[in-house]
Amino acid sequence: MNYVVNANAKSLTQEQRQLAGRLKISDGFLALLLSRGFCDEHSIAKFLHPSINDFSSPFDIDGMKAAADRLKKAIRDRERVLIYGDYDCDGICAIAILMLYLKDKVDASYFIPDRNKDGYGISVDALKGIIARKRPGLVITVDCGITAIQEVEYLKSQGIDTIVTDHHEPQAQIPDCIVVDPKVQKTGYFDFCGAGVALKLVEAMAGRDEATKYLDICAIATIADVVPLTKDNRIIAYHGLKQISSNPRKGIKMMLGEDKATSQNIMFRLAPRMNAAGRLNSAMKVVSLFLENDYFMLKTLAEELSRDNARRQELCETAVAEAKEMLRGVDFNETNIIVLKGEDWEAGILGIAAARLVDEFKRPTVLFARSGDELKGSARSVPSVNIFELFSSLSAYFTAFGGHAQAAGVSMTDESFEAFKTAANEALSNCPSSDFCPNTECDMALDLNGDVLSFAKELELLEPTGYGNPKPNFLVNVKNFKFDKIGFSNHMKCSTKAMDLMAFSKYSHVLAPRISNADFEISLGLNTFQNNTVAQGIVQSLKINSMTATDDECKTYNLHHLDFEGSVNLENVDIKFVENLLEKPFGTLVVCFDWSAYETLAKSSQKIKNLPFVFADSPHLNPENQVVVAPSSTFDFGFYQQVILVGHPLTEGYEAYIAKRVKTYALGDTSARTLKLPQNVLRTAYRHVYDISVAKTRMQSMAKFYAYVSSRMNIGETEFFAAIKVFEQLGLLKIGDRGMIEVSRRSVELTNSVAYRNLSTQ
């Protein structure tokens, strides 16, 4: 992994430094804004202080005047109006905005299709049932309809007018009715979400003051639908979140609870629960969050949505796990796009699952679920591949498709699946391998010698952040540092003079040793504890530039080898064989069990020395060629074509474990070197651990636990943790998450521990 930095405060001109002074911001903050395309004092001031007065005119959107005139006629003539919306957060919010505006003016009702029964968008079958029940004179679509050619013709045949309000990309033909979609002509600001278009329709009908009443609802949709938080969208999100903070609607308050109204909480807490119902069945009930005021009804609805979301998460985890299993053994040198189908997958969770796979494997991903006689799919992409353009070039394989550059939906017959998979892969065959091993872009490098706390406070001026105005990430270089576990959790912390660096559990193995030089990609914020506010960086990714771990330290990191028994005969290969494998960019993993093995190997082969290097674990599952030293117990070998073992594991059983998952070779002598732990040492360690238990001494961390015991007996760290592993396997020891040690005195047979059987106890 390589990092690219977009902004540099040191490169500012004298004129730009004077600009920073006038704006009362730091040079670093100005450099950040300049890198995001702001070029003058006026645009920066408008961005930092969004004003409703800067809203664009709703009539900049083609078709808006005609839509407003037709809706005014419906109100004047007391027609029945049906609002037909999409089943996601955006569609729900768009319906709510129009329903609240129209509730005292006209007989209005709404309909949201059931994803499983009705599919996406408008369908004639759904319309037939609605028309029979509601008998509308006017249908208004929100967040859908731009491709509804036949459906609008059907409504016309029934004598019903249609206003399509949408924000998706139009195709070659648009419906023959009033169409309000800012992407059709792109004459003004065109990046609204569906609710944003609905809000502009209200503004066209009744003016800006009326439209601002619904900014809170529109802000939720704007953030959730991942449209750019620029210009009008930034104004909507900024003032909408303020409305929620100062005077939240009862339903929004019920859903947020004690959480603050921030873009992050909208995106990751509120929106997923709103979306969950539509992903699994019907989203009709969710509109009541905004229309209903009864406390008990809202409480019941919030509880239902939380249950739906838990079920959605479960289904998503299952689909991701099954998709990963399908990808084991796949040659990623020949895979430019991931295309998979699951017979039991829920269509509603495919987009989330596809995004997870894109993050892991760095390739566009399309996942399909069966829906009657068709396959329904959701696609997500990497920045270098426009998935909508790709699908447009392959439209002959689909019965329907639509979407954006990075996300799309598609339908096809089962018979077209394999042909589409082949054609899509061939269409991307000219993509360089670097597209699938992308550099990580950081907004700017952070100087730890500067006033990081003040800068972290200044960053709050960027809020609300999201797509188009992302929360900035920073590159931090740290030398000669050591992360420590926070208590008995797997979370890690390293304190510097400038900030606290926090790393969550996925990095617990990687950051275990002392590292001499590493680059960190971090997000920067504030943390207040006991009235003390500090700058806090949250690790997003890291690259180890240099480190040294002794072979004895590697033994400690290799202790999970003791969990495996067995034997294996590995083919022994030479350096030339390995270097030939490395001619292809994906599929080869070099595993070094000891630090000395890695140093010797790096000296013998420049090609291997130049490979990406990781300690303990890889940041993703994308099987690019790389070296891993002392792979952790969670390292997943299954996506590589071959693994080359170098050095000495603690057990041959661990080699056999790897060989069962992937073709495995030995480079030189890889015989196991059994760890020695004499029985008298094991007994003494047990006695000291038991004394701690009896004394009810609370340990603050595993490191403190080891220090406490080692101060009373001459035992190395590796031997101590090996003893702990034996005790835990035998059920003699339990360590609570608050540091309390429980030890059993029951009689056990030591050989019942796999770890004990793998040790030399003489």
# chains A, B, ... in the order shown; residues from 1 in each chain; ligands from 1

$ residues_around --residues "Ala707 of chain A" --least-positions-apart "6" --cutoff "12 Å" --atoms "only C-alpha atoms" --output "PyMOL selection string"
chain A and resi 688-689+699-701+713-717+720-721

$ write_last_selection --atoms "C-alpha atoms" --output "PDB file, in the first residue's frame"
ATOM      1  CA  HIS A 688       1.368 -17.541  40.929  1.00  0.00           C
ATOM      2  CA  VAL A 689      -1.729 -17.162  38.775  1.00  0.00           C
ATOM      3  CA  MET A 699      -5.014  -6.739  36.353  1.00  0.00           C
ATOM      4  CA  GLN A 700      -5.157  -3.695  34.074  1.00  0.00           C
ATOM      5  CA  SER A 701      -3.953  -5.512  30.942  1.00  0.00           C
ATOM      6  CA  MET A 713       9.475 -15.869  38.841  1.00  0.00           C
ATOM      7  CA  ASN A 714      12.087 -16.078  36.109  1.00  0.00           C
ATOM      8  CA  ILE A 715       9.835 -16.696  33.111  1.00  0.00           C
ATOM      9  CA  GLY A 716       9.990 -15.294  29.601  1.00  0.00           C
ATOM     10  CA  GLU A 717       7.032 -13.670  27.880  1.00  0.00           C
ATOM     11  CA  PHE A 720       4.204 -17.224  30.183  1.00  0.00           C
ATOM     12  CA  PHE A 721       1.646 -16.872  27.398  1.00  0.00           C
TER      13      PHE A 721
END

$ residues_around --residues "Ala224 of chain A" --least-positions-apart "6" --cutoff "8 Å" --atoms "only C-alpha atoms" --output "list in words"
Cys89, Asp90, Ile266, Met267 and Ala271 of chain A

$ residues_around --residues "Asp414 of chain A" --least-positions-apart "4" --cutoff "8 Å" --atoms "only C-alpha atoms" --output "list in words"
Asp373, Glu374 and Leu375 of chain A

$ write_last_selection --atoms "C-alpha atoms" --output "PDB file, in the first residue's frame"
ATOM      1  CA  ASP A 373     -37.962 -16.125 -13.018  1.00  0.00           C
ATOM      2  CA  GLU A 374     -35.328 -13.398 -12.968  1.00  0.00           C
ATOM      3  CA  LEU A 375     -32.103 -12.508 -11.230  1.00  0.00           C
TER       4      LEU A 375
END

$ residues_around --residues "segment 29-38 of chain A" --least-positions-apart "6" --cutoff "10 Å" --atoms "only C-alpha atoms" --output "PyMOL selection string"
chain A and resi 5-12+16-17+19-21+23+44-45+47-48+443-444+455-456+458-459+461-462+468-470+472

$ write_last_selection --atoms "C-alpha atoms" --output "compact mmCIF listing (two decimals), in the first residue's frame"
# COMPACT_ATOMS: atom_id res chain seq x y z
CA VAL A 5 -1.03 13.28 -0.23
CA ASN A 6 -3.27 15.88 -1.88
CA ALA A 7 -2.51 19.05 0.11
CA ASN A 8 0.61 20.67 1.52
CA ALA A 9 0.39 23.68 3.84
CA LYS A 10 4.05 24.49 3.29
CA SER A 11 3.45 25.15 -0.41
CA LEU A 12 1.06 28.07 0.15
CA GLN A 16 -2.76 32.48 0.15
CA ARG A 17 -1.39 32.87 3.68
CA LEU A 19 -6.21 34.82 2.62
CA ALA A 20 -6.06 32.37 5.53
CA GLY A 21 -5.56 35.33 7.86
CA LEU A 23 -10.73 34.04 6.82
CA ILE A 44 -14.69 29.40 0.86
CA ALA A 45 -16.80 31.76 2.97
CA PHE A 47 -18.85 26.83 2.10
CA LEU A 48 -17.85 27.44 5.72
CA ASP A 443 -5.97 14.86 2.28
CA MET A 444 -2.69 16.02 3.77
CA PHE A 455 -6.43 21.98 14.02
CA ALA A 456 -8.77 19.17 15.13
CA GLU A 458 -10.95 23.74 13.26
CA LEU A 459 -11.96 20.67 11.26
CA LEU A 461 -16.06 23.72 10.28
CA LEU A 462 -16.21 21.05 7.55
CA GLY A 468 -18.46 15.05 -2.00
CA ASN A 469 -17.23 16.56 1.27
CA PRO A 470 -15.64 13.56 2.97
CA PRO A 472 -10.62 14.28 5.85

$ atom_distance --atom1 "atom CA of Thr318 of chain A" --atom2 "atom CA of Ala347 of chain A"
12.9 Å

$ residues_around --residues "Leu582 of chain A" --least-positions-apart "2" --cutoff "12 Å" --atoms "only C-alpha atoms" --output "ChimeraX atom specification"
/A:333,575-580,584-590,605-611,624-627,641-644

$ decode --residues "segment 346-395 of chain A" --atoms "N, CA and C atoms" --output "compact mmCIF listing (two decimals), in the first residue's frame"
# COMPACT_ATOMS: atom_id res chain seq x y z
N GLU A 346 -31.10 -12.46 0.03
CA GLU A 346 -32.17 -11.46 -0.04
C GLU A 346 -31.72 -10.32 -0.94
N ALA A 347 -32.56 -9.96 -1.89
CA ALA A 347 -32.17 -8.91 -2.84
C ALA A 347 -31.88 -7.59 -2.13
N GLY A 348 -32.55 -7.34 -1.02
CA GLY A 348 -32.42 -6.07 -0.34
C GLY A 348 -31.08 -5.80 0.32
N ILE A 349 -30.28 -6.84 0.54
CA ILE A 349 -29.00 -6.63 1.22
C ILE A 349 -27.82 -6.72 0.24
N LEU A 350 -28.11 -6.91 -1.04
CA LEU A 350 -27.02 -7.14 -1.99
C LEU A 350 -26.10 -5.93 -2.16
N GLY A 351 -26.66 -4.73 -2.15
CA GLY A 351 -25.84 -3.54 -2.33
C GLY A 351 -24.83 -3.38 -1.20
N ILE A 352 -25.28 -3.59 0.03
CA ILE A 352 -24.38 -3.48 1.18
C ILE A 352 -23.31 -4.56 1.10
N ALA A 353 -23.73 -5.79 0.78
CA ALA A 353 -22.77 -6.89 0.68
C ALA A 353 -21.76 -6.64 -0.43
N ALA A 354 -22.22 -6.13 -1.57
CA ALA A 354 -21.31 -5.84 -2.69
C ALA A 354 -20.28 -4.79 -2.28
N ALA A 355 -20.72 -3.77 -1.54
CA ALA A 355 -19.80 -2.73 -1.09
C ALA A 355 -18.72 -3.31 -0.17
N ARG A 356 -19.11 -4.27 0.66
CA ARG A 356 -18.15 -4.92 1.55
C ARG A 356 -17.10 -5.67 0.74
N LEU A 357 -17.52 -6.34 -0.32
CA LEU A 357 -16.58 -7.10 -1.15
C LEU A 357 -15.66 -6.17 -1.95
N VAL A 358 -16.19 -5.05 -2.40
CA VAL A 358 -15.35 -4.06 -3.09
C VAL A 358 -14.25 -3.59 -2.16
N ASP A 359 -14.60 -3.34 -0.91
CA ASP A 359 -13.62 -2.87 0.07
C ASP A 359 -12.54 -3.92 0.32
N GLU A 360 -12.92 -5.19 0.32
CA GLU A 360 -11.96 -6.26 0.61
C GLU A 360 -11.11 -6.62 -0.60
N PHE A 361 -11.72 -6.69 -1.79
CA PHE A 361 -11.02 -7.23 -2.96
C PHE A 361 -10.67 -6.18 -4.01
N LYS A 362 -11.08 -4.93 -3.80
CA LYS A 362 -10.68 -3.81 -4.66
C LYS A 362 -11.08 -4.00 -6.12
N ARG A 363 -12.23 -4.65 -6.33
CA ARG A 363 -12.75 -4.86 -7.68
C ARG A 363 -14.23 -4.53 -7.73
N PRO A 364 -14.73 -4.09 -8.91
CA PRO A 364 -16.18 -3.92 -9.04
C PRO A 364 -16.86 -5.24 -8.71
N THR A 365 -18.03 -5.16 -8.11
CA THR A 365 -18.72 -6.37 -7.66
C THR A 365 -20.20 -6.27 -7.99
N VAL A 366 -20.73 -7.35 -8.55
CA VAL A 366 -22.17 -7.45 -8.83
C VAL A 366 -22.67 -8.73 -8.17
N LEU A 367 -23.66 -8.59 -7.30
CA LEU A 367 -24.25 -9.75 -6.62
C LEU A 367 -25.71 -9.89 -7.05
N PHE A 368 -26.12 -11.12 -7.31
CA PHE A 368 -27.47 -11.40 -7.77
C PHE A 368 -28.21 -12.31 -6.80
N ALA A 369 -29.51 -12.07 -6.70
CA ALA A 369 -30.41 -12.97 -5.97
C ALA A 369 -31.55 -13.36 -6.89
N ARG A 370 -32.12 -14.53 -6.65
CA ARG A 370 -33.23 -14.98 -7.49
C ARG A 370 -34.52 -14.29 -7.07
N SER A 371 -35.27 -13.82 -8.05
CA SER A 371 -36.55 -13.19 -7.81
C SER A 371 -37.53 -13.69 -8.87
N GLY A 372 -38.27 -14.75 -8.52
CA GLY A 372 -39.15 -15.36 -9.50
C GLY A 372 -38.36 -15.98 -10.63
N ASP A 373 -38.66 -15.59 -11.85
CA ASP A 373 -37.96 -16.13 -13.02
C ASP A 373 -36.72 -15.32 -13.38
N GLU A 374 -36.45 -14.27 -12.64
CA GLU A 374 -35.33 -13.40 -12.97
C GLU A 374 -34.27 -13.39 -11.87
N LEU A 375 -33.14 -12.81 -12.21
CA LEU A 375 -32.10 -12.51 -11.23
C LEU A 375 -32.08 -11.00 -11.03
N LYS A 376 -32.13 -10.58 -9.77
CA LYS A 376 -32.04 -9.16 -9.43
C LYS A 376 -30.65 -8.92 -8.85
N GLY A 377 -29.96 -7.91 -9.35
CA GLY A 377 -28.59 -7.68 -8.91
C GLY A 377 -28.34 -6.26 -8.44
N SER A 378 -27.34 -6.13 -7.57
CA SER A 378 -26.85 -4.81 -7.14
C SER A 378 -25.35 -4.77 -7.36
N ALA A 379 -24.87 -3.64 -7.85
CA ALA A 379 -23.45 -3.48 -8.16
C ALA A 379 -22.87 -2.30 -7.41
N ARG A 380 -21.61 -2.46 -7.02
CA ARG A 380 -20.82 -1.38 -6.47
C ARG A 380 -19.46 -1.41 -7.16
N SER A 381 -18.77 -0.27 -7.20
CA SER A 381 -17.55 -0.23 -8.01
C SER A 381 -16.42 0.48 -7.30
N VAL A 382 -15.25 0.39 -7.92
CA VAL A 382 -14.06 1.11 -7.48
C VAL A 382 -14.02 2.44 -8.24
N PRO A 383 -13.28 3.44 -7.75
CA PRO A 383 -13.27 4.76 -8.40
C PRO A 383 -12.88 4.73 -9.87
N SER A 384 -12.03 3.78 -10.26
CA SER A 384 -11.52 3.77 -11.63
C SER A 384 -12.50 3.16 -12.64
N VAL A 385 -13.59 2.58 -12.18
CA VAL A 385 -14.55 1.92 -13.09
C VAL A 385 -15.93 2.53 -12.90
N ASN A 386 -16.47 3.13 -13.97
CA ASN A 386 -17.83 3.67 -13.97
C ASN A 386 -18.79 2.52 -14.27
N ILE A 387 -19.46 2.04 -13.25
CA ILE A 387 -20.29 0.85 -13.41
C ILE A 387 -21.51 1.11 -14.27
N PHE A 388 -22.04 2.35 -14.25
CA PHE A 388 -23.19 2.67 -15.09
C PHE A 388 -22.80 2.62 -16.57
N GLU A 389 -21.63 3.17 -16.90
CA GLU A 389 -21.17 3.11 -18.29
C GLU A 389 -20.89 1.67 -18.72
N LEU A 390 -20.31 0.88 -17.81
CA LEU A 390 -20.06 -0.53 -18.12
C LEU A 390 -21.37 -1.24 -18.42
N PHE A 391 -22.38 -1.03 -17.58
CA PHE A 391 -23.68 -1.69 -17.80
C PHE A 391 -24.34 -1.19 -19.08
N SER A 392 -24.16 0.09 -19.38
CA SER A 392 -24.74 0.62 -20.62
C SER A 392 -24.17 -0.10 -21.84
N SER A 393 -22.88 -0.43 -21.79
CA SER A 393 -22.26 -1.13 -22.91
C SER A 393 -22.66 -2.59 -22.98
N LEU A 394 -23.24 -3.11 -21.90
CA LEU A 394 -23.63 -4.52 -21.84
C LEU A 394 -25.14 -4.67 -21.69
N SER A 395 -25.88 -3.66 -22.10
CA SER A 395 -27.32 -3.63 -21.84
C SER A 395 -28.08 -4.78 -22.50
